[in-house]
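Student: Below is the file coords-v1.cif, with mmCIF, C-alpha atoms.
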data_target
loop_
_atom_site.label_atom_id
_atom_site.label_comp_id
_atom_site.auth_asym_id
_atom_site.auth_seq_id
_atom_site.Cartn_x
_atom_site.Cartn_y
_atom_site.Cartn_z
CA MET A 17 0.00 0.00 0.00
CA VAL A 18 1.31 3.41 -0.98
CA ALA A 19 0.04 6.60 0.65
CA THR A 20 0.92 10.23 1.17
CA LEU A 21 1.41 11.53 4.71
CA SER A 22 0.61 15.23 5.05
CA VAL A 23 2.17 16.44 8.31
CA TYR A 24 1.19 19.85 9.67
CA ILE A 25 2.96 21.52 12.56
CA LYS A 26 2.03 25.14 13.28
CA ASP A 27 2.88 27.04 10.06
CA GLN A 28 4.78 24.24 8.34
CA CYS A 29 3.74 21.38 6.11
CA TYR A 30 5.58 18.19 5.15
CA GLN A 31 4.39 15.77 2.48
CA LEU A 32 5.99 12.32 2.52
CA ILE A 33 5.28 9.21 0.47
CA ILE A 34 5.27 5.91 2.36
CA GLU A 35 5.78 2.87 0.15
CA ASP A 36 5.88 -0.87 0.77
CA ASN A 37 8.59 -1.96 3.21
CA SER A 38 9.34 1.61 4.24
CA ARG A 39 9.18 3.45 7.55
CA ILE A 40 8.53 7.09 8.44
CA THR A 41 8.94 8.39 11.97
CA ILE A 42 8.09 11.70 13.62
CA GLY A 43 9.83 12.55 16.85
CA SER A 44 12.45 14.52 18.73
CA SER A 45 15.54 12.59 17.63
CA GLN A 46 17.86 13.34 14.74
CA ARG A 47 17.28 9.74 13.66
CA ASP A 48 13.60 10.46 12.99
CA THR A 49 12.42 11.21 9.46
CA ILE A 50 10.92 14.47 10.72
CA THR A 51 12.65 15.97 13.75
CA LEU A 52 10.52 18.35 15.83
CA ARG A 53 11.36 20.09 19.09
CA GLU A 54 7.96 19.89 20.67
CA LYS A 55 7.23 19.53 24.39
CA GLY A 56 6.43 15.94 25.32
CA LEU A 57 7.56 14.54 21.97
CA GLN A 58 9.84 11.51 22.16
CA GLU A 59 12.03 9.67 19.69
CA GLY A 60 9.87 7.84 17.16
CA HIS A 61 6.71 9.21 18.76
CA LEU A 62 4.69 8.43 15.62
CA ALA A 63 6.12 5.57 13.56
CA PHE A 64 4.40 4.64 10.30
CA SER A 65 5.48 1.44 8.56
CA SER A 66 4.24 -0.29 5.41
CA LYS A 67 4.24 -4.09 5.25
CA ASN A 68 2.31 -6.58 3.14
CA SER A 69 0.31 -3.85 1.39
CA ALA A 70 -0.85 -2.36 4.69
CA ILE A 71 0.22 0.65 6.77
CA TYR A 72 0.60 0.45 10.52
CA LEU A 73 1.11 3.10 13.19
CA SER A 74 3.04 2.60 16.40
CA ALA A 75 2.41 5.64 18.59
CA LYS A 76 3.35 6.78 22.05
CA ALA A 77 1.26 8.53 24.70
CA GLY A 78 -0.72 11.57 23.62
CA THR A 79 -1.56 10.43 20.08
CA TYR A 80 -5.24 10.61 19.07
CA ARG A 81 -7.47 9.57 16.19
CA ASN A 82 -10.97 11.02 16.06
CA GLY A 83 -10.71 12.04 19.73
CA SER A 84 -9.61 8.62 21.02
CA GLU A 85 -6.08 7.89 22.16
CA VAL A 86 -4.33 5.21 20.12
CA ARG A 87 -1.12 3.23 20.32
CA ASP A 88 -0.70 0.42 17.76
CA LEU A 89 -3.18 0.05 14.93
CA SER A 90 -3.72 -0.42 11.22
CA VAL A 91 -4.03 2.80 9.20
CA THR A 92 -6.52 3.49 6.42
CA ILE A 93 -6.75 6.28 3.86
CA GLY A 94 -8.53 9.27 5.35
CA ASP A 95 -7.31 8.77 8.93
CA VAL A 96 -6.30 11.90 10.82
CA PHE A 97 -3.93 11.69 13.78
CA SER A 98 -3.03 14.44 16.22
CA CYS A 99 -0.37 14.82 18.89
CA GLY A 100 -0.15 18.26 20.48
CA ASP A 101 0.31 20.77 17.64
CA ILE A 102 1.07 17.99 15.15
CA SER A 103 -1.57 16.75 12.71
CA VAL A 104 -1.02 13.89 10.27
CA TYR A 105 -3.40 13.21 7.38
CA VAL A 106 -3.18 9.83 5.61
CA CYS A 107 -3.93 10.65 1.96
CA PRO A 108 -3.99 8.57 -1.21
CA LYS A 109 -1.00 8.49 -3.53
CA GLN A 110 -2.38 9.26 -6.97
CA GLN A 111 -1.10 9.80 -10.48
CA ASP A 112 0.25 13.16 -11.56
CA TYR A 113 -1.71 15.27 -14.03
CA GLU A 114 -0.49 14.60 -17.56
CA ARG A 115 -0.46 18.19 -18.77
CA SER A 116 0.95 21.52 -17.70
CA VAL A 117 -0.77 24.91 -17.73
CA SER A 118 0.76 28.07 -19.15
CA LEU A 119 0.08 31.26 -17.20
CA SER A 120 -0.82 34.57 -18.81
CA ALA A 121 -0.15 38.07 -17.51
CA ASP A 122 -3.64 39.29 -18.48
CA ARG A 123 -5.57 36.48 -16.78
CA GLU A 124 -6.11 35.49 -13.15
CA ILE A 125 -6.14 31.81 -12.25
CA PHE A 126 -8.58 30.85 -9.49
CA ILE A 127 -7.97 27.62 -7.57
CA GLY A 128 -10.74 25.97 -5.60
CA ARG A 129 -13.56 23.44 -5.42
CA SER A 130 -16.09 25.61 -7.22
CA LYS A 131 -16.83 24.68 -10.83
CA ASP A 132 -16.20 28.31 -11.78
CA CYS A 133 -12.53 28.06 -10.81
CA SER A 134 -9.85 27.75 -13.46
CA LEU A 135 -8.30 24.86 -11.52
CA CYS A 136 -11.10 22.88 -9.93
CA PHE A 137 -10.23 20.26 -7.28
CA SER A 138 -12.93 17.91 -6.04
CA ASN A 139 -11.48 17.29 -2.55
CA LYS A 140 -13.46 18.75 0.35
CA ARG A 141 -10.30 20.04 2.03
CA VAL A 142 -10.05 22.56 -0.79
CA SER A 143 -12.21 25.65 -0.25
CA SER A 144 -14.69 26.86 -2.87
CA ARG A 145 -12.29 29.66 -3.77
CA HIS A 146 -9.05 28.62 -2.15
CA ALA A 147 -6.43 30.81 -3.85
CA LYS A 148 -5.66 32.76 -6.98
CA ILE A 149 -2.61 33.40 -9.13
CA THR A 150 -2.24 36.90 -10.52
CA TYR A 151 0.43 38.91 -12.32
CA GLU A 152 1.77 41.96 -10.49
CA SER A 153 4.89 44.09 -11.00
CA GLY A 154 6.42 41.68 -13.46
CA LYS A 155 5.91 38.60 -11.27
CA TYR A 156 3.32 35.91 -10.79
CA LYS A 157 1.90 35.87 -7.27
CA ILE A 158 -0.26 33.35 -5.44
CA ILE A 159 -2.72 34.74 -2.88
CA ASP A 160 -4.69 32.83 -0.25
CA LEU A 161 -8.40 33.75 -0.44
CA ASP A 162 -9.08 33.17 3.28
CA SER A 163 -9.18 29.41 2.74
CA LYS A 164 -9.94 27.08 5.62
CA ASN A 165 -6.89 24.85 5.22
CA HIS A 166 -4.49 27.52 3.90
CA ILE A 167 -1.77 27.29 1.25
CA PHE A 168 1.84 26.32 1.79
CA VAL A 169 4.77 27.29 -0.42
CA ASN A 170 7.90 25.15 -0.05
CA GLY A 171 6.48 23.78 3.19
CA LYS A 172 5.69 27.12 4.85
CA ARG A 173 2.26 28.64 5.31
CA THR A 174 1.73 31.92 3.49
CA THR A 175 -1.03 34.33 2.53
CA SER A 176 0.81 35.88 -0.42
CA HIS A 177 3.95 34.79 -2.24
CA ASP A 178 5.84 35.89 -5.36
CA LEU A 179 6.39 32.70 -7.31
CA GLN A 180 9.90 31.69 -8.32
CA ASP A 181 11.09 28.81 -10.47
CA GLY A 182 10.93 25.57 -8.51
CA ASP A 183 8.38 26.72 -5.93
CA VAL A 184 6.07 23.95 -4.71
CA VAL A 185 2.59 25.06 -3.67
CA SER A 186 0.74 22.61 -1.39
CA ILE A 187 -3.06 22.67 -1.25
CA ALA A 188 -4.62 19.79 0.66
CA TYR A 189 -2.49 16.84 -0.47
CA TYR A 190 -1.96 18.21 -3.98
CA SER A 191 1.27 19.81 -5.14
CA ILE A 192 1.56 22.53 -7.78
CA ILE A 193 5.03 23.23 -9.16
CA TYR A 194 5.76 26.62 -10.72
CA ASP A 195 8.47 26.74 -13.35
CA ASN A 196 9.05 29.50 -15.90
CA GLY A 197 5.44 30.61 -16.11
CA GLN A 198 4.04 27.09 -16.14
CA LEU A 199 2.15 25.01 -13.58
CA THR A 200 2.62 21.27 -13.15
CA PHE A 201 0.32 19.21 -10.91
CA LEU A 202 1.30 16.25 -8.74
CA ASN A 203 -0.81 13.64 -6.93
CA THR A 204 -4.05 14.87 -8.48
CA GLY A 205 -5.40 11.63 -9.96
CA ASN A 206 -8.88 12.39 -11.32
CA ASP A 207 -9.51 15.14 -8.76
CA LEU A 208 -8.46 18.02 -11.04
CA LYS A 209 -10.44 19.63 -13.81
CA ILE A 210 -8.95 22.52 -15.78
CA ASN A 211 -11.44 25.11 -17.02
CA LEU A 212 -9.18 26.93 -19.49
CA ASP A 213 -8.97 27.19 -23.25
CA GLY A 214 -6.94 24.59 -25.07
CA THR A 215 -4.05 26.94 -25.83
CA SER A 216 -3.24 27.20 -22.11
CA ILE A 217 -2.67 23.45 -21.78
CA ILE A 218 0.61 23.40 -23.56
CA ARG A 219 2.25 20.01 -23.32
CA LYS A 220 2.05 16.55 -21.94
CA TYR A 221 3.77 16.04 -18.63
CA PRO A 222 6.94 14.01 -19.33
CA LEU A 223 7.56 10.65 -17.71
CA PHE A 224 10.92 11.84 -16.38
CA ARG A 225 11.35 15.47 -15.45
CA ARG A 226 14.34 17.14 -13.86
CA SER A 227 13.50 19.04 -10.72
CA PRO A 228 13.38 22.80 -11.47
CA ARG A 229 15.59 23.43 -8.46
CA LEU A 230 18.41 21.47 -10.08
CA SER A 231 18.44 23.49 -13.29
CA ARG A 232 20.75 26.51 -13.48
CA THR A 233 21.30 29.09 -16.18
CA TYR A 234 24.86 29.89 -17.18
CA GLU A 235 25.89 32.92 -19.20
CA ARG A 236 27.56 31.96 -22.47
CA LYS A 237 30.79 33.81 -23.27
CA LEU A 238 33.63 33.47 -25.78
CA ILE A 239 37.00 33.07 -24.11
CA GLU A 240 40.16 33.81 -26.14
CA ILE A 241 43.08 31.55 -25.25
CA GLN A 242 46.45 33.13 -26.05
CA PRO A 243 49.04 30.88 -27.78
CA PRO A 244 52.21 30.05 -25.87
CA PRO A 245 55.28 32.24 -26.58
CA ARG A 246 57.48 31.07 -29.41
CA ALA A 247 61.15 30.24 -28.94
CA TYR A 248 63.22 31.92 -31.67
CA GLY A 249 66.36 29.73 -31.71
CA LYS A 250 68.61 28.73 -28.84
CA PRO A 251 69.80 31.51 -26.50
CA GLU A 252 73.44 32.56 -26.92
CA ILE A 253 75.86 31.85 -24.07
CA ASN A 254 77.90 34.79 -22.79
CA TRP A 255 81.15 33.07 -21.88
CA PHE A 256 82.46 36.24 -20.27
CA THR A 257 79.84 36.15 -17.56
CA VAL A 258 80.43 32.39 -17.12
CA PHE A 259 84.19 32.61 -16.41
CA LEU A 260 84.35 36.03 -14.77
CA PRO A 261 83.35 34.99 -11.19
CA PRO A 262 85.84 32.09 -10.84
CA ALA A 263 88.61 34.18 -12.45
CA VAL A 264 88.04 36.97 -9.95
CA MET A 265 88.15 34.48 -7.05
CA ILE A 266 91.41 32.96 -8.31
CA GLY A 267 92.97 36.41 -8.76
CA ILE A 268 92.04 37.49 -5.25
CA SER A 269 93.46 34.24 -3.85
CA VAL A 270 96.79 34.67 -5.71
CA ILE A 271 97.15 38.24 -4.55
CA SER A 272 96.40 37.25 -0.96
CA ILE A 273 99.08 34.52 -1.02
CA LEU A 274 101.72 36.79 -2.54
CA LEU A 275 101.08 39.54 -0.02
CA THR A 276 101.24 37.13 2.87
CA GLU A 277 104.28 35.27 1.41
CA GLY A 278 102.34 32.04 1.44
CA SER A 279 102.85 29.02 -0.82
CA LEU A 280 101.16 28.77 -4.18
CA MET A 281 100.25 25.19 -3.27
CA ASN A 282 97.46 26.64 -1.13
CA LEU A 283 95.68 27.43 -4.38
CA LEU A 284 94.85 23.72 -4.71
CA PHE A 285 92.60 24.08 -1.67
CA ILE A 286 91.11 27.43 -2.74
CA VAL A 287 90.39 27.09 -6.44
CA PRO A 288 86.82 25.90 -6.90
#
Output the structure of this file as structure tokens.
Tutor:
Amino acid sequence: MVATLSVYIKDQCYQLIIEDNSRITIGSSQRDTITLREKGLQEGHLAFSSKNSAIYLSAKAGTYRNGSEVRDLSVTIGDVFSCGDISVYVCPKQQDYERSVSLSADREIFIGRSKDCSLCFSNKRVSSRHAKITYESGKYKIIDLDSKNHIFVNGKRTTSHDLQDGDVVSIAYYSIIYDNGQLTFLNTGNDLKINLDGTSIIRKYPLFRRSPRLSRTYERKLIEIQPPPRAYGKPEINWFTVFLPPAVMIGISVISILLTEGSLMNLLFIVP
């Protein structure tokens, strides 16, 4: 069984996918999948594991489902667990939407459950008019329309945000990725209906897509590489400068011996 865990803690949101033979833990330890410094939270306080096409929860004191405290139990899609300020929604893992939407500066995009919205989601956790995307001061901006369950951009709750390439907008358990004026939709299944003209749906969502955050733009420049200096023949040897130093040393030694009436045999120990 594969599911999406939407974890909310104050003004933050985490969305994790739990697959077969995997384990996700929420607690106070660095070894936990999500580490939170909350009062009363212990290591592995909420431990979700997937085995034999089923998801199980092993919880410690203070964990509730529908108002009743729980410890060890089997998890089903739609379950909501709470522990202090932490809320965990068990959501279905669905297919991504196969097409992307191109934004336009002269058109607002409304997101919500209402059939009048440009992007219409059928899930009840999406408000009738949840948010809108507009174009202001040369940038696309997403604005929360006083929705009940809020919007999160890159995991943080916001009421207004200037979109940048690679931003991930979370609404309910759906993800909307903004990249270069285009919107891509993840985990929507059949819950999304796009009420836009055909020219706005620009391309089929590829099977493999590089994350927008990994793509960088480099400025192209021409670099001139200078050739190495040329050697014009072999350098000439100045024999005068070669023999001048030893000749001077020998001359000084001879003069010193003559002045001190020494033996010329001492030159054998002086001449280099």
Student: Between A:Thr257, A:Ser22, A:Ser74, A:Asn206, which residue has the minimum interatomic distance to A:Arg39, considering all atoms listed in the file?
Tutor: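 Smallest distance to A:Arg39 is found for A:Ser74.
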Student: Please provide the set of residues having any atom within 8 Å of A:Cys29, restricted to all atoms listed in the file, with same-chain residues fewer than 2 positions apart removed, written as a list in words.
Tutor: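 The neighbour list is Ser22, Val23, Tyr24, Ile25, Asp27, Gln31, Phe168, Gly171, Lys172 and Arg173 of chain A.
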Student: To one decimal in Å, tell me the separation between atom CA of A:Ser90 and atom CA of A:Val106.
Tutor: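 Taking atom CA of A:Ser90 as the start and atom CA of A:Val106 as the end point, the length is 11.7 Å.
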Student: At what distance in Å, to one decimal, does atom CA of A:Ser103 lie from atom CA of A:Arg47?
Tutor: 20.1 Å
Student: Quick check on the file I pasted: which residues fall under the PyMOL selection byres ((chain A and resi 179-187) around 8)? Write them as an NGL selection string.
Tutor: :A and (142 or 155-158 or 165-171 or 177-178 or 188-196 or 227-229)
Student: To one decimal place, how far is atom CA of A:Ser65 from atom CA of A:Phe97 in Å?
Tutor: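 The value is 14.9 Å.
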Student: If you count all atoms listed in the file, which residues fall within 8 Å of A:Gly197, apart from same-chain ones fewer than 4 positions away, as an mmCIF file with C-alpha atoms, in the frame of the given file?
Tutor:
data_model
loop_
_atom_site.group_PDB
_atom_site.id
_atom_site.type_symbol
_atom_site.label_atom_id
_atom_site.label_comp_id
_atom_site.auth_asym_id
_atom_site.auth_seq_id
_atom_site.Cartn_x
_atom_site.Cartn_y
_atom_site.Cartn_z
ATOM 1 C CA SER A 118 0.760 28.070 -19.150
ATOM 2 C CA LEU A 119 0.080 31.260 -17.200
ATOM 3 C CA SER A 120 -0.820 34.570 -18.810
ATOM 4 C CA TYR A 156 3.320 35.910 -10.790
#
Student: The residues within 12 Å of (-14.2, 28.7, -2.2), using only C-alpha atoms and the coordinates of the file, should be reported as JSON, numbers by chain; which are they?
Tutor: {"A": [126, 127, 128, 129, 130, 131, 132, 133, 135, 136, 137, 138, 139, 140, 141, 142, 143, 144, 145, 146, 147, 148, 160, 161, 162, 163, 164, 165, 166]}
Student: Just say which residues the PyMOL selection byres ((chain A and resi 48) around 10) picks in this file, as a ChimeraX atom specification.
Tutor: /A:39-47,49-52,58-63
Student: I'd like the residues picked by the PyMOL selection byres ((chain A and resi 66) around 8) written out as a PDB file with C-alpha atoms, in the coordinates of the input, using the chain letters and numbers from the file.
Tutor:
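Dumped to result30.pdb:
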ATOM      1  CA  MET A  17       0.000   0.000   0.000  1.00  0.00           C
ATOM      2  CA  VAL A  18       1.310   3.410  -0.980  1.00  0.00           C
ATOM      3  CA  ILE A  34       5.270   5.910   2.360  1.00  0.00           C
ATOM      4  CA  GLU A  35       5.780   2.870   0.150  1.00  0.00           C
ATOM      5  CA  ASP A  36       5.880  -0.870   0.770  1.00  0.00           C
ATOM      6  CA  ASN A  37       8.590  -1.960   3.210  1.00  0.00           C
ATOM      7  CA  SER A  38       9.340   1.610   4.240  1.00  0.00           C
ATOM      8  CA  ARG A  39       9.180   3.450   7.550  1.00  0.00           C
ATOM      9  CA  PHE A  64       4.400   4.640  10.300  1.00  0.00           C
ATOM     10  CA  SER A  65       5.480   1.440   8.560  1.00  0.00           C
ATOM     11  CA  LYS A  67       4.240  -4.090   5.250  1.00  0.00           C
ATOM     12  CA  ASN A  68       2.310  -6.580   3.140  1.00  0.00           C
ATOM     13  CA  SER A  69       0.310  -3.850   1.390  1.00  0.00           C
ATOM     14  CA  ALA A  70      -0.850  -2.360   4.690  1.00  0.00           C
ATOM     15  CA  ILE A  71       0.220   0.650   6.770  1.00  0.00           C
ATOM     16  CA  TYR A  72       0.600   0.450  10.520  1.00  0.00           C
TER      17      TYR A  72
END
Student: Pick from A:Tyr113, A:Gly94, A:Lys55, A:Pro262: nearest to A:Asp207, with all atoms listed in the file counted?
Tutor: A:Tyr113
